[in-house]
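Here is the file model_24.cif (mmCIF, N, CA and C atoms).
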data_start
#
loop_
_atom_site.label_atom_id
_atom_site.label_comp_id
_atom_site.auth_asym_id
_atom_site.auth_seq_id
_atom_site.Cartn_x
_atom_site.Cartn_y
_atom_site.Cartn_z
N MET A 1 -59.22 9.00 11.80
CA MET A 1 -57.94 8.76 12.42
C MET A 1 -56.82 8.82 11.38
N LEU A 2 -57.04 8.22 10.19
CA LEU A 2 -56.04 8.22 9.14
C LEU A 2 -55.76 9.64 8.66
N VAL A 3 -56.81 10.46 8.56
CA VAL A 3 -56.63 11.84 8.14
C VAL A 3 -55.76 12.59 9.16
N LEU A 4 -56.00 12.36 10.43
CA LEU A 4 -55.19 13.00 11.47
C LEU A 4 -53.74 12.55 11.37
N LEU A 5 -53.52 11.27 11.13
CA LEU A 5 -52.18 10.75 10.97
C LEU A 5 -51.47 11.41 9.78
N VAL A 6 -52.16 11.54 8.67
CA VAL A 6 -51.58 12.18 7.49
C VAL A 6 -51.24 13.63 7.79
N MET A 7 -52.11 14.34 8.48
CA MET A 7 -51.86 15.75 8.80
C MET A 7 -50.65 15.89 9.71
N VAL A 8 -50.53 15.04 10.70
CA VAL A 8 -49.39 15.10 11.61
C VAL A 8 -48.10 14.78 10.88
N LEU A 9 -48.13 13.76 10.06
CA LEU A 9 -46.92 13.34 9.36
C LEU A 9 -46.45 14.37 8.33
N THR A 10 -47.37 15.09 7.72
CA THR A 10 -46.96 16.07 6.73
C THR A 10 -46.25 17.26 7.34
N THR A 11 -46.39 17.47 8.64
CA THR A 11 -45.69 18.58 9.28
C THR A 11 -44.24 18.25 9.56
N SER A 12 -43.87 16.99 9.48
CA SER A 12 -42.47 16.60 9.73
C SER A 12 -41.97 15.76 8.56
N THR A 13 -41.73 16.41 7.43
CA THR A 13 -41.34 15.70 6.22
C THR A 13 -39.85 15.81 5.95
N PHE A 14 -39.38 14.94 5.09
CA PHE A 14 -37.97 14.91 4.72
C PHE A 14 -37.85 15.02 3.21
N ILE A 15 -36.73 15.60 2.76
CA ILE A 15 -36.42 15.67 1.35
C ILE A 15 -35.27 14.72 1.09
N LYS A 16 -35.40 13.94 0.06
CA LYS A 16 -34.33 13.02 -0.28
C LYS A 16 -34.29 12.86 -1.78
N GLN A 17 -33.13 12.78 -2.35
CA GLN A 17 -33.00 12.59 -3.79
C GLN A 17 -33.48 11.19 -4.16
N GLY A 18 -34.32 11.09 -5.17
CA GLY A 18 -34.87 9.80 -5.56
C GLY A 18 -34.33 9.34 -6.90
N ILE A 19 -34.58 8.10 -7.20
CA ILE A 19 -34.15 7.50 -8.45
C ILE A 19 -35.32 7.48 -9.44
N ILE A 20 -36.51 7.23 -8.96
CA ILE A 20 -37.69 7.18 -9.80
C ILE A 20 -38.23 8.61 -9.92
N PRO A 21 -38.49 9.08 -11.15
CA PRO A 21 -38.93 10.46 -11.31
C PRO A 21 -40.32 10.68 -10.70
N VAL A 22 -40.36 11.49 -9.66
CA VAL A 22 -41.61 11.83 -8.98
C VAL A 22 -41.59 13.34 -8.77
N ASP A 23 -42.61 14.02 -9.27
CA ASP A 23 -42.72 15.47 -9.08
C ASP A 23 -43.45 15.69 -7.76
N LEU A 24 -42.69 16.02 -6.73
CA LEU A 24 -43.23 16.11 -5.38
C LEU A 24 -44.05 17.38 -5.17
N PRO A 25 -45.06 17.32 -4.31
CA PRO A 25 -45.78 18.53 -3.94
C PRO A 25 -44.88 19.39 -3.06
N THR A 26 -45.22 20.66 -2.94
CA THR A 26 -44.40 21.57 -2.13
C THR A 26 -45.00 21.75 -0.75
N ALA A 27 -44.10 22.08 0.19
CA ALA A 27 -44.51 22.39 1.56
C ALA A 27 -43.45 23.28 2.16
N LYS A 28 -43.85 24.29 2.90
CA LYS A 28 -42.90 25.21 3.51
C LYS A 28 -42.19 24.59 4.70
N GLY A 29 -42.77 23.58 5.32
CA GLY A 29 -42.20 22.98 6.52
C GLY A 29 -41.26 21.83 6.23
N SER A 30 -40.76 21.72 5.00
CA SER A 30 -39.87 20.62 4.65
C SER A 30 -38.51 20.78 5.30
N ALA A 31 -37.90 19.66 5.59
CA ALA A 31 -36.55 19.66 6.17
C ALA A 31 -35.73 18.62 5.43
N LYS A 32 -34.43 18.88 5.32
CA LYS A 32 -33.56 17.93 4.64
C LYS A 32 -32.73 17.20 5.68
N GLU A 33 -32.85 15.88 5.66
CA GLU A 33 -32.11 15.06 6.59
C GLU A 33 -31.77 13.75 5.93
N ASP A 34 -30.72 13.14 6.41
CA ASP A 34 -30.29 11.86 5.91
C ASP A 34 -30.81 10.78 6.85
N VAL A 35 -31.70 9.95 6.36
CA VAL A 35 -32.31 8.93 7.20
C VAL A 35 -31.66 7.58 6.87
N LYS A 36 -31.18 6.90 7.88
CA LYS A 36 -30.59 5.57 7.72
C LYS A 36 -31.66 4.53 8.07
N ASN A 37 -31.40 3.28 7.68
CA ASN A 37 -32.32 2.22 8.04
C ASN A 37 -33.73 2.50 7.53
N GLU A 38 -33.82 2.70 6.22
CA GLU A 38 -35.09 3.13 5.63
C GLU A 38 -35.49 2.27 4.44
N VAL A 39 -36.77 2.36 4.11
CA VAL A 39 -37.34 1.74 2.91
C VAL A 39 -38.14 2.83 2.22
N THR A 40 -37.98 2.95 0.90
CA THR A 40 -38.67 3.99 0.16
C THR A 40 -39.75 3.41 -0.73
N ILE A 41 -40.92 4.03 -0.67
CA ILE A 41 -42.05 3.68 -1.53
C ILE A 41 -42.34 4.90 -2.41
N TYR A 42 -42.45 4.66 -3.71
CA TYR A 42 -42.75 5.73 -4.66
C TYR A 42 -44.12 5.47 -5.28
N VAL A 43 -44.90 6.54 -5.47
CA VAL A 43 -46.14 6.46 -6.24
C VAL A 43 -46.00 7.53 -7.33
N ASN A 44 -45.96 7.10 -8.60
CA ASN A 44 -45.77 8.10 -9.65
C ASN A 44 -47.11 8.61 -10.18
N ASP A 45 -47.04 9.51 -11.14
CA ASP A 45 -48.25 10.16 -11.66
C ASP A 45 -49.14 9.21 -12.46
N LYS A 46 -48.63 8.04 -12.82
CA LYS A 46 -49.42 7.04 -13.55
C LYS A 46 -50.05 6.03 -12.60
N GLY A 47 -49.82 6.20 -11.29
CA GLY A 47 -50.37 5.28 -10.31
C GLY A 47 -49.53 4.04 -10.08
N GLN A 48 -48.35 4.01 -10.68
CA GLN A 48 -47.45 2.88 -10.47
C GLN A 48 -46.81 3.01 -9.09
N ILE A 49 -46.68 1.88 -8.42
CA ILE A 49 -46.11 1.85 -7.07
C ILE A 49 -44.79 1.10 -7.12
N PHE A 50 -43.76 1.70 -6.51
CA PHE A 50 -42.44 1.10 -6.47
C PHE A 50 -42.02 0.92 -5.03
N PHE A 51 -41.50 -0.25 -4.73
CA PHE A 51 -40.89 -0.55 -3.44
C PHE A 51 -39.40 -0.53 -3.72
N GLU A 52 -38.71 0.51 -3.22
CA GLU A 52 -37.34 0.79 -3.62
C GLU A 52 -37.36 0.97 -5.14
N LYS A 53 -36.70 0.17 -5.91
CA LYS A 53 -36.66 0.35 -7.38
C LYS A 53 -37.56 -0.62 -8.11
N GLU A 54 -38.26 -1.47 -7.38
CA GLU A 54 -39.06 -2.53 -7.98
C GLU A 54 -40.53 -2.14 -8.07
N GLU A 55 -41.07 -2.18 -9.30
CA GLU A 55 -42.49 -1.87 -9.47
C GLU A 55 -43.33 -3.05 -8.99
N LEU A 56 -44.37 -2.74 -8.19
CA LEU A 56 -45.21 -3.78 -7.62
C LEU A 56 -46.68 -3.41 -7.72
N LYS A 57 -47.51 -4.42 -7.77
CA LYS A 57 -48.95 -4.23 -7.60
C LYS A 57 -49.21 -4.00 -6.12
N LEU A 58 -50.36 -3.44 -5.79
CA LEU A 58 -50.69 -3.12 -4.40
C LEU A 58 -50.63 -4.36 -3.49
N SER A 59 -51.12 -5.48 -3.96
CA SER A 59 -51.11 -6.70 -3.15
C SER A 59 -49.67 -7.17 -2.88
N MET A 60 -48.80 -7.03 -3.85
CA MET A 60 -47.39 -7.42 -3.66
C MET A 60 -46.69 -6.44 -2.72
N LEU A 61 -47.07 -5.17 -2.77
CA LEU A 61 -46.50 -4.18 -1.85
C LEU A 61 -46.81 -4.59 -0.41
N GLU A 62 -48.03 -5.03 -0.18
CA GLU A 62 -48.41 -5.45 1.17
C GLU A 62 -47.57 -6.64 1.64
N GLU A 63 -47.33 -7.58 0.74
CA GLU A 63 -46.50 -8.73 1.09
C GLU A 63 -45.07 -8.30 1.43
N LYS A 64 -44.52 -7.38 0.63
CA LYS A 64 -43.15 -6.89 0.88
C LYS A 64 -43.09 -6.16 2.21
N LEU A 65 -44.07 -5.28 2.47
CA LEU A 65 -44.06 -4.49 3.71
C LEU A 65 -44.27 -5.36 4.93
N ALA A 66 -44.96 -6.48 4.78
CA ALA A 66 -45.16 -7.39 5.91
C ALA A 66 -43.83 -7.99 6.36
N GLN A 67 -42.86 -8.04 5.47
CA GLN A 67 -41.54 -8.58 5.79
C GLN A 67 -40.57 -7.53 6.33
N VAL A 68 -40.97 -6.26 6.26
CA VAL A 68 -40.10 -5.17 6.71
C VAL A 68 -40.26 -4.97 8.22
N SER A 69 -39.15 -4.84 8.91
CA SER A 69 -39.17 -4.62 10.35
C SER A 69 -39.91 -3.33 10.70
N LYS A 70 -40.66 -3.35 11.78
CA LYS A 70 -41.40 -2.16 12.22
C LYS A 70 -40.46 -1.04 12.69
N THR A 71 -39.19 -1.39 12.91
CA THR A 71 -38.22 -0.37 13.35
C THR A 71 -37.64 0.40 12.17
N LYS A 72 -37.85 -0.09 10.95
CA LYS A 72 -37.36 0.63 9.77
C LYS A 72 -38.26 1.83 9.50
N THR A 73 -37.64 2.89 9.01
CA THR A 73 -38.37 4.08 8.61
C THR A 73 -38.89 3.89 7.19
N ILE A 74 -40.14 4.23 6.98
CA ILE A 74 -40.75 4.17 5.65
C ILE A 74 -40.77 5.58 5.09
N ILE A 75 -40.20 5.75 3.91
CA ILE A 75 -40.21 7.03 3.21
C ILE A 75 -41.22 6.91 2.08
N LEU A 76 -42.24 7.76 2.07
CA LEU A 76 -43.27 7.73 1.03
C LEU A 76 -43.11 8.96 0.14
N ARG A 77 -42.84 8.70 -1.14
CA ARG A 77 -42.68 9.77 -2.13
C ARG A 77 -43.81 9.60 -3.15
N SER A 78 -44.78 10.50 -3.11
CA SER A 78 -45.93 10.41 -4.00
C SER A 78 -45.94 11.63 -4.91
N ASP A 79 -46.01 11.39 -6.21
CA ASP A 79 -46.05 12.47 -7.20
C ASP A 79 -47.26 13.36 -6.94
N LYS A 80 -47.07 14.66 -7.12
CA LYS A 80 -48.18 15.59 -6.86
C LYS A 80 -49.33 15.40 -7.85
N GLU A 81 -49.05 14.77 -8.99
CA GLU A 81 -50.10 14.52 -9.99
C GLU A 81 -50.72 13.13 -9.82
N SER A 82 -50.26 12.35 -8.86
CA SER A 82 -50.84 11.02 -8.65
C SER A 82 -52.22 11.16 -8.02
N LYS A 83 -53.02 10.13 -8.17
CA LYS A 83 -54.35 10.15 -7.57
C LYS A 83 -54.23 10.00 -6.06
N PHE A 84 -55.03 10.75 -5.35
CA PHE A 84 -55.00 10.69 -3.90
C PHE A 84 -55.34 9.29 -3.41
N GLN A 85 -56.19 8.58 -4.15
CA GLN A 85 -56.58 7.23 -3.76
C GLN A 85 -55.37 6.30 -3.72
N ASP A 86 -54.41 6.48 -4.65
CA ASP A 86 -53.20 5.65 -4.64
C ASP A 86 -52.42 5.89 -3.35
N PHE A 87 -52.31 7.15 -2.95
CA PHE A 87 -51.64 7.52 -1.70
C PHE A 87 -52.35 6.89 -0.50
N VAL A 88 -53.66 6.99 -0.48
CA VAL A 88 -54.46 6.45 0.63
C VAL A 88 -54.32 4.93 0.69
N ASN A 89 -54.28 4.26 -0.46
CA ASN A 89 -54.11 2.81 -0.49
C ASN A 89 -52.81 2.39 0.18
N VAL A 90 -51.73 3.11 -0.11
CA VAL A 90 -50.43 2.80 0.50
C VAL A 90 -50.49 3.09 2.00
N MET A 91 -51.07 4.22 2.38
CA MET A 91 -51.18 4.57 3.80
C MET A 91 -52.00 3.53 4.56
N ASP A 92 -53.05 3.02 3.93
CA ASP A 92 -53.90 2.02 4.55
C ASP A 92 -53.11 0.73 4.83
N ILE A 93 -52.30 0.31 3.88
CA ILE A 93 -51.46 -0.88 4.08
C ILE A 93 -50.50 -0.65 5.24
N LEU A 94 -49.84 0.51 5.25
CA LEU A 94 -48.89 0.81 6.32
C LEU A 94 -49.57 0.79 7.68
N LYS A 95 -50.77 1.33 7.76
CA LYS A 95 -51.51 1.36 9.03
C LYS A 95 -51.88 -0.06 9.47
N ARG A 96 -52.41 -0.85 8.53
CA ARG A 96 -52.81 -2.23 8.85
C ARG A 96 -51.64 -3.05 9.35
N LEU A 97 -50.46 -2.82 8.78
CA LEU A 97 -49.28 -3.60 9.15
C LEU A 97 -48.55 -3.05 10.37
N GLY A 98 -49.00 -1.90 10.88
CA GLY A 98 -48.43 -1.35 12.09
C GLY A 98 -47.13 -0.57 11.91
N HIS A 99 -46.85 -0.11 10.69
CA HIS A 99 -45.66 0.71 10.46
C HIS A 99 -45.96 2.14 10.92
N GLU A 100 -45.24 2.60 11.92
CA GLU A 100 -45.49 3.93 12.49
C GLU A 100 -44.40 4.94 12.18
N GLN A 101 -43.21 4.48 11.80
CA GLN A 101 -42.12 5.39 11.46
C GLN A 101 -42.22 5.72 9.98
N LEU A 102 -42.93 6.79 9.68
CA LEU A 102 -43.25 7.13 8.28
C LEU A 102 -42.96 8.60 8.04
N TYR A 103 -42.33 8.88 6.91
CA TYR A 103 -42.10 10.25 6.47
C TYR A 103 -42.67 10.40 5.08
N ILE A 104 -43.43 11.45 4.88
CA ILE A 104 -44.00 11.78 3.58
C ILE A 104 -43.13 12.89 2.99
N VAL A 105 -42.55 12.64 1.84
CA VAL A 105 -41.58 13.56 1.27
C VAL A 105 -42.27 14.60 0.41
N THR A 106 -41.87 15.86 0.60
CA THR A 106 -42.29 16.97 -0.24
C THR A 106 -41.04 17.74 -0.65
N LYS A 107 -41.19 18.72 -1.51
CA LYS A 107 -40.06 19.58 -1.84
C LYS A 107 -40.41 20.99 -1.42
N GLU A 108 -39.37 21.76 -1.11
CA GLU A 108 -39.59 23.13 -0.62
C GLU A 108 -39.76 24.08 -1.77
#
In structure tokens, how does this file's structure come out?
Amino acid sequence: MLVLLVMVLTTSTFIKQGIIPVDLPTAKGSAKEDVKNEVTIYVNDKGQIFFEKEELKLSMLEEKLAQVSKTKTIILRSDKESKFQDFVNVMDILKRLGHEQLYIVTKE
């Protein structure tokens, strides 16, 4: 089910300028849009996870996301050189907490 969710979400991605350096993977189906009412999660190539600009451990990320309204859009920016497991860990937390408005960012 998670794999299906990831596949569906990757077909509707957004591009957004970030503050934390993340080398995004490419996708031809990328679109550029300005999303309001959002929270951004970054996973860099070293496996560090950032909630907005704050670096967090995975357990702290879960605590932060538990406080985020389900109506907010989650923007996930994962470096193309990051481990897939780091990406899956974040996706697992989002799924457990019931966050359904999620965009996975790529670059064109």
I'd like to see the residues matched by the PyMOL selection byres (((chain A and resi 88-100 and name CA) around 7) and name CA) on this file, and ideally I'd get them as a list in words.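 This file, filtered by the PyMOL selection byres (((chain A and resi 88-100 and name CA) around 7) and name CA), leaves Glu62, Ala66, Lys70, Phe84, Gln85, Asp86, Phe87, Gln101 and Leu102 of chain A.
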To test your reading of the syntax: which residues would the PyMOL selection byres ((chain A and resi 45) around 5) return for the file shown? Reply as a ChimeraX atom specification. /A:43-44,46-47,81-82
Emit the selected residues as a PDB file, in the frame of the given file, including N, CA and C atoms.
ATOM      1  N   VAL A  43     -44.900   6.540  -5.470  1.00  0.00           N
ATOM      2  CA  VAL A  43     -46.140   6.460  -6.240  1.00  0.00           C
ATOM      3  C   VAL A  43     -46.000   7.530  -7.330  1.00  0.00           C
ATOM      4  N   ASN A  44     -45.960   7.100  -8.600  1.00  0.00           N
ATOM      5  CA  ASN A  44     -45.770   8.100  -9.650  1.00  0.00           C
ATOM      6  C   ASN A  44     -47.110   8.610 -10.180  1.00  0.00           C
ATOM      7  N   LYS A  46     -48.630   8.040 -12.820  1.00  0.00           N
ATOM      8  CA  LYS A  46     -49.420   7.040 -13.550  1.00  0.00           C
ATOM      9  C   LYS A  46     -50.050   6.030 -12.600  1.00  0.00           C
ATOM     10  N   GLY A  47     -49.820   6.200 -11.290  1.00  0.00           N
ATOM     11  CA  GLY A  47     -50.370   5.280 -10.310  1.00  0.00           C
ATOM     12  C   GLY A  47     -49.530   4.040 -10.080  1.00  0.00           C
ATOM     13  N   GLU A  81     -49.050  14.770  -8.990  1.00  0.00           N
ATOM     14  CA  GLU A  81     -50.100  14.520  -9.990  1.00  0.00           C
ATOM     15  C   GLU A  81     -50.720  13.130  -9.820  1.00  0.00           C
ATOM     16  N   SER A  82     -50.260  12.350  -8.860  1.00  0.00           N
ATOM     17  CA  SER A  82     -50.840  11.020  -8.650  1.00  0.00           C
ATOM     18  C   SER A  82     -52.220  11.160  -8.020  1.00  0.00           C
TER      19      SER A  82
END
Here is a test: counting all atoms listed in the file, which residue of A:Thr40, A:Lys107, A:Pro21, A:Lys28 is nearest to Thr73 (chain A)? A:Thr40
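Shortest separation to Thr26 (chain A) among A:Ser78, A:Thr71, A:Lys57, A:Lys83 occurs at residue A:Ser78, atoms counted being only C-alpha atoms.
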Point-to-point distance in Å for atom C of Leu56 (chain A) and atom C of Arg77 (chain A):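 Rounded to one decimal, the two atoms are 14.1 Å apart.
Shortest atom-to-atom contact with Ile75 (chain A) among A:Glu63, A:Leu58, A:Tyr103, A:Ile49: A:Tyr103, counting only N, CA and C atoms.
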Atom N of Lys72 (chain A) sits from atom N of Ile41 (chain A) at a separation of 12.7 Å
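Straight-line separation from CA of Asn37 (chain A) to CA of Lys53 (chain A): 16.1 Å.
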Selected residue of minimal separation from Glu38 (chain A) among A:Leu24, A:Ile74, A:Val68, A:Leu61, counting all atoms listed in the file: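 Using all atoms listed in the file, Glu38 (chain A) sits closest to A:Ile74.
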